[in-house]
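Visitor: I am attaching a structure below and will ask some questions about it afterwards.
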Amino acid sequence: MDDERRRVLDLLCEDARYTAEDVARQLDLAPEDVEAHVEALENAGVVRGYTAVVDWAALDDGIVEAKVELNVELDRETGYEDISRRIAKFPEVTAFQLVSGDYDFALEVRADTMNAVSRFVSEEIAPIPEVTQTVTHYVMETYKDDGIEFDDGETDDRLSYSP
């Protein structure tokens, strides 16, 4: 990827709401060149979509997020890609990666309640024949997501105490 296209991509990652004119002004490019770079990035599958970073805890909806570790056992007919195609189709799965370390896959799951997350994992994920173990971690608080800090704007005005 050339340097100019990379700089366009970096600005889109900073704020996907930037217009072609905004990016062009910041990089001293023509807006048409920025549009061509963005189109090329989209066509190449580098840019897969645009999304908002949401503080789900700020809503009164009670959305629950969980990180789920999966261990799997492969056989001659089944590989990681086969398993990933089955799991990625579920709308509850918001992110899904093959990882190194103590487990094979990392899932991010979102549902209306802890019970719904638990039911999803136990009724949809755990019964998959290749899945040998699941470990679910419920997100209690989010401090930073996708590079965005979640700050409530309040400062800690407590006085420090030292004996």
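Residue numbering restarts at 1 for every chain of the structure tokens, chains are lettered A, B, ... in their displayed order, and ligands are numbered from 1 as they appear.
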Would you mind listing, for every residue of stretch 58-96 of chain A within 6 Å of stretch 126-144 of chain A, the two atoms forming the shortest contact and the distance between them in Å to one decimal, using only C-alpha atoms, sorted by chain and ascending residue number, as a Markdown table?
Guide:
| residue | atom | partner | partner_atom | distance |
| --- | --- | --- | --- | --- |
| A:Glu65 | CA | A:Val139 | CA | 5.5 |
| A:Ala66 | CA | A:Tyr138 | CA | 4.2 |
| A:Lys67 | CA | A:His137 | CA | 5.1 |
| A:Val68 | CA | A:Thr136 | CA | 4.4 |
| A:Glu69 | CA | A:Val135 | CA | 5.0 |
| A:Leu70 | CA | A:Thr134 | CA | 4.7 |
| A:Asn71 | CA | A:Gln133 | CA | 5.1 |
| A:Val72 | CA | A:Val131 | CA | 4.3 |
| A:Glu73 | CA | A:Glu130 | CA | 5.1 |
Visitor: Give me, as a PyMOL selection string, all polymer residues having an atom no more than 12 Å from A:Thr51, counting only C-alpha atoms and skipping those fewer than 5 positions away in the same chain.
Guide: chain A and resi 12-13+15-17+94+146
Visitor: Hey, which of A:Asp151, A:Asp55, A:Glu4, A:Glu77 ends up closest to A:Val34? Count only C-alpha atoms.
Guide: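 Checking each candidate against A:Val34, we get A:Glu4 as the closest.
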Visitor: A:Ala111: which residues within 6 Å, counting only C-alpha atoms, same-chain residues fewer than 4 positions away excluded, as JSON, numbers by chain?
Guide: {"A": [63, 64, 117]}
Visitor: So the first atom is atom CA of A:Gly101 and the second is atom CA of A:Gly49; what is the distance between them in Å, to one decimal place?
Guide: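 Going from atom CA of A:Gly101 over to atom CA of A:Gly49, I get 28.7 Å.
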Visitor: Using DSSP on the backbone coordinates, identify the residues of stretch 99-138 of chain A assigned to strand (DSSP E or B); present them as a list in words.
Guide: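 Selection result, strand (DSSP E or B) within stretch 99-138 of chain A: Phe105, Ala106, Leu107, Glu108, Val109, Arg110, Ala111, Val131, Thr132, Gln133, Thr134, Val135, Thr136, His137 and Tyr138 of chain A.
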Visitor: Quick one: residues within 12 Å of A:Asp112, only C-alpha atoms, excluding same-chain residues fewer than 2 positions away - as a list in words?
Guide: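 Residues near the query, excluding close chain neighbours: Trp56, Ala57, Leu59, Asp60, Asp61, Gly62, Ile63, Val64, Glu65, Ala66, Glu92, Val109, Arg110, Met114, Asn115, Ala116, Val117, Ser118, Arg119 and Phe120 of chain A.
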Visitor: Store the residues picked out above, limited to N, CA, C and O atoms, as a short mmCIF file (atom, residue, chain, number, x, y, z; two decimals), in the first residue's frame.
Guide:
data_model
loop_
_atom_site.label_atom_id
_atom_site.label_comp_id
_atom_site.auth_asym_id
_atom_site.auth_seq_id
_atom_site.Cartn_x
_atom_site.Cartn_y
_atom_site.Cartn_z
N TRP A 56 -22.51 0.96 25.30
CA TRP A 56 -23.77 0.27 25.58
C TRP A 56 -24.23 0.48 27.02
O TRP A 56 -25.42 0.49 27.30
N ALA A 57 -23.29 0.69 27.92
CA ALA A 57 -23.66 0.91 29.32
C ALA A 57 -24.37 2.24 29.51
O ALA A 57 -25.10 2.43 30.48
N LEU A 59 -26.72 3.34 27.70
CA LEU A 59 -28.13 3.15 27.35
C LEU A 59 -28.85 2.46 28.49
O LEU A 59 -28.26 1.72 29.27
N ASP A 60 -30.13 2.67 28.56
CA ASP A 60 -30.94 2.00 29.59
C ASP A 60 -31.44 0.65 29.09
O ASP A 60 -32.26 0.03 29.76
N ASP A 61 -30.97 0.21 27.93
CA ASP A 61 -31.45 -1.03 27.33
C ASP A 61 -30.96 -2.28 28.06
O ASP A 61 -31.53 -3.35 27.92
N GLY A 62 -29.86 -2.17 28.79
CA GLY A 62 -29.33 -3.32 29.49
C GLY A 62 -28.63 -4.32 28.59
O GLY A 62 -28.62 -5.51 28.86
N ILE A 63 -28.04 -3.85 27.50
CA ILE A 63 -27.30 -4.74 26.61
C ILE A 63 -26.11 -5.34 27.37
O ILE A 63 -25.40 -4.64 28.09
N VAL A 64 -25.91 -6.64 27.20
CA VAL A 64 -24.82 -7.35 27.88
C VAL A 64 -23.80 -7.79 26.84
O VAL A 64 -24.16 -8.36 25.81
N GLU A 65 -22.54 -7.53 27.14
CA GLU A 65 -21.45 -7.97 26.27
C GLU A 65 -20.62 -9.00 27.01
O GLU A 65 -20.42 -8.90 28.23
N ALA A 66 -20.12 -9.98 26.26
CA ALA A 66 -19.28 -11.00 26.86
C ALA A 66 -18.16 -11.37 25.88
O ALA A 66 -18.33 -11.28 24.67
N GLU A 92 -25.63 -12.76 17.27
CA GLU A 92 -25.13 -12.44 18.62
C GLU A 92 -23.61 -12.27 18.64
O GLU A 92 -23.06 -11.63 19.52
N VAL A 109 -19.68 -11.45 22.15
CA VAL A 109 -21.10 -11.76 22.05
C VAL A 109 -21.90 -10.64 22.70
O VAL A 109 -21.49 -10.11 23.74
N ARG A 110 -23.02 -10.28 22.09
CA ARG A 110 -23.89 -9.24 22.64
C ARG A 110 -25.32 -9.77 22.65
O ARG A 110 -25.79 -10.34 21.67
N MET A 114 -27.81 -11.35 30.62
CA MET A 114 -26.78 -12.36 30.89
C MET A 114 -27.32 -13.75 30.60
O MET A 114 -26.61 -14.61 30.08
N ASN A 115 -28.57 -13.96 30.93
CA ASN A 115 -29.21 -15.24 30.67
C ASN A 115 -29.24 -15.54 29.17
O ASN A 115 -28.99 -16.68 28.76
N ALA A 116 -29.50 -14.53 28.36
CA ALA A 116 -29.54 -14.73 26.91
C ALA A 116 -28.15 -15.08 26.38
O ALA A 116 -28.01 -15.94 25.50
N VAL A 117 -27.12 -14.44 26.91
CA VAL A 117 -25.74 -14.77 26.51
C VAL A 117 -25.44 -16.21 26.90
O VAL A 117 -24.94 -17.00 26.10
N SER A 118 -25.77 -16.55 28.13
CA SER A 118 -25.52 -17.90 28.63
C SER A 118 -26.24 -18.95 27.79
O SER A 118 -25.67 -19.98 27.43
N ARG A 119 -27.51 -18.69 27.50
CA ARG A 119 -28.30 -19.63 26.67
C ARG A 119 -27.69 -19.75 25.27
O ARG A 119 -27.60 -20.85 24.73
N PHE A 120 -27.28 -18.63 24.70
CA PHE A 120 -26.68 -18.66 23.37
C PHE A 120 -25.43 -19.55 23.36
O PHE A 120 -25.27 -20.41 22.49
#
Visitor: Please return, as a PDB file with N, CA and C atoms, in the first residue's frame, all residues of stretch 29-107 of chain A that DSSP assigns to alpha helix (DSSP H) on the basis of the backbone.
Guide:
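Final output, saved to selection28.pdb:
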ATOM      1  N   PRO A  31      -9.964  16.239  -3.439  1.00  0.00           N
ATOM      2  CA  PRO A  31     -11.042  15.365  -2.964  1.00  0.00           C
ATOM      3  C   PRO A  31     -11.280  14.155  -3.871  1.00  0.00           C
ATOM      4  N   GLU A  32     -11.104  14.331  -5.170  1.00  0.00           N
ATOM      5  CA  GLU A  32     -11.287  13.214  -6.111  1.00  0.00           C
ATOM      6  C   GLU A  32     -10.253  12.118  -5.868  1.00  0.00           C
ATOM      7  N   ASP A  33      -9.028  12.521  -5.498  1.00  0.00           N
ATOM      8  CA  ASP A  33      -7.987  11.534  -5.190  1.00  0.00           C
ATOM      9  C   ASP A  33      -8.339  10.758  -3.922  1.00  0.00           C
ATOM     10  N   VAL A  34      -8.880  11.461  -2.928  1.00  0.00           N
ATOM     11  CA  VAL A  34      -9.295  10.800  -1.695  1.00  0.00           C
ATOM     12  C   VAL A  34     -10.408   9.805  -1.997  1.00  0.00           C
ATOM     13  N   GLU A  35     -11.403  10.223  -2.781  1.00  0.00           N
ATOM     14  CA  GLU A  35     -12.502   9.324  -3.147  1.00  0.00           C
ATOM     15  C   GLU A  35     -11.984   8.095  -3.878  1.00  0.00           C
ATOM     16  N   ALA A  36     -10.998   8.276  -4.749  1.00  0.00           N
ATOM     17  CA  ALA A  36     -10.419   7.144  -5.484  1.00  0.00           C
ATOM     18  C   ALA A  36      -9.700   6.195  -4.519  1.00  0.00           C
ATOM     19  N   HIS A  37      -8.981   6.752  -3.545  1.00  0.00           N
ATOM     20  CA  HIS A  37      -8.296   5.915  -2.551  1.00  0.00           C
ATOM     21  C   HIS A  37      -9.312   5.128  -1.718  1.00  0.00           C
ATOM     22  N   VAL A  38     -10.370   5.802  -1.269  1.00  0.00           N
ATOM     23  CA  VAL A  38     -11.382   5.124  -0.460  1.00  0.00           C
ATOM     24  C   VAL A  38     -12.059   4.027  -1.267  1.00  0.00           C
ATOM     25  N   GLU A  39     -12.399   4.301  -2.501  1.00  0.00           N
ATOM     26  CA  GLU A  39     -13.031   3.288  -3.354  1.00  0.00           C
ATOM     27  C   GLU A  39     -12.097   2.096  -3.556  1.00  0.00           C
ATOM     28  N   ALA A  40     -10.816   2.360  -3.768  1.00  0.00           N
ATOM     29  CA  ALA A  40      -9.842   1.271  -3.950  1.00  0.00           C
ATOM     30  C   ALA A  40      -9.722   0.445  -2.670  1.00  0.00           C
ATOM     31  N   LEU A  41      -9.714   1.107  -1.517  1.00  0.00           N
ATOM     32  CA  LEU A  41      -9.631   0.388  -0.241  1.00  0.00           C
ATOM     33  C   LEU A  41     -10.870  -0.474  -0.018  1.00  0.00           C
ATOM     34  N   GLU A  42     -12.033   0.045  -0.374  1.00  0.00           N
ATOM     35  CA  GLU A  42     -13.274  -0.726  -0.234  1.00  0.00           C
ATOM     36  C   GLU A  42     -13.302  -1.899  -1.207  1.00  0.00           C
ATOM     37  N   ASN A  43     -12.930  -1.657  -2.446  1.00  0.00           N
ATOM     38  CA  ASN A  43     -12.941  -2.723  -3.460  1.00  0.00           C
ATOM     39  C   ASN A  43     -11.945  -3.834  -3.146  1.00  0.00           C
ATOM     40  N   TYR A  80     -10.328 -24.950  10.840  1.00  0.00           N
ATOM     41  CA  TYR A  80     -10.750 -23.713  11.498  1.00  0.00           C
ATOM     42  C   TYR A  80     -11.752 -22.930  10.646  1.00  0.00           C
ATOM     43  N   GLU A  81     -11.529 -22.900   9.337  1.00  0.00           N
ATOM     44  CA  GLU A  81     -12.438 -22.164   8.447  1.00  0.00           C
ATOM     45  C   GLU A  81     -13.854 -22.731   8.495  1.00  0.00           C
ATOM     46  N   ASP A  82     -13.968 -24.052   8.555  1.00  0.00           N
ATOM     47  CA  ASP A  82     -15.292 -24.682   8.624  1.00  0.00           C
ATOM     48  C   ASP A  82     -16.034 -24.270   9.891  1.00  0.00           C
ATOM     49  N   ILE A  83     -15.316 -24.290  10.998  1.00  0.00           N
ATOM     50  CA  ILE A  83     -15.924 -23.911  12.271  1.00  0.00           C
ATOM     51  C   ILE A  83     -16.280 -22.424  12.261  1.00  0.00           C
ATOM     52  N   SER A  84     -15.377 -21.615  11.731  1.00  0.00           N
ATOM     53  CA  SER A  84     -15.625 -20.172  11.730  1.00  0.00           C
ATOM     54  C   SER A  84     -16.846 -19.813  10.892  1.00  0.00           C
ATOM     55  N   ARG A  85     -17.060 -20.485   9.786  1.00  0.00           N
ATOM     56  CA  ARG A  85     -18.247 -20.204   8.959  1.00  0.00           C
ATOM     57  C   ARG A  85     -19.535 -20.489   9.724  1.00  0.00           C
ATOM     58  N   ARG A  86     -19.527 -21.540  10.525  1.00  0.00           N
ATOM     59  CA  ARG A  86     -20.733 -21.880  11.304  1.00  0.00           C
ATOM     60  C   ARG A  86     -21.005 -20.858  12.397  1.00  0.00           C
ATOM     61  N   ILE A  87     -19.957 -20.415  13.079  1.00  0.00           N
ATOM     62  CA  ILE A  87     -20.135 -19.542  14.232  1.00  0.00           C
ATOM     63  C   ILE A  87     -20.362 -18.088  13.823  1.00  0.00           C
ATOM     64  N   ALA A  88     -19.678 -17.627  12.794  1.00  0.00           N
ATOM     65  CA  ALA A  88     -19.768 -16.223  12.393  1.00  0.00           C
ATOM     66  C   ALA A  88     -21.170 -15.826  11.930  1.00  0.00           C
TER      67      ALA A  88
END
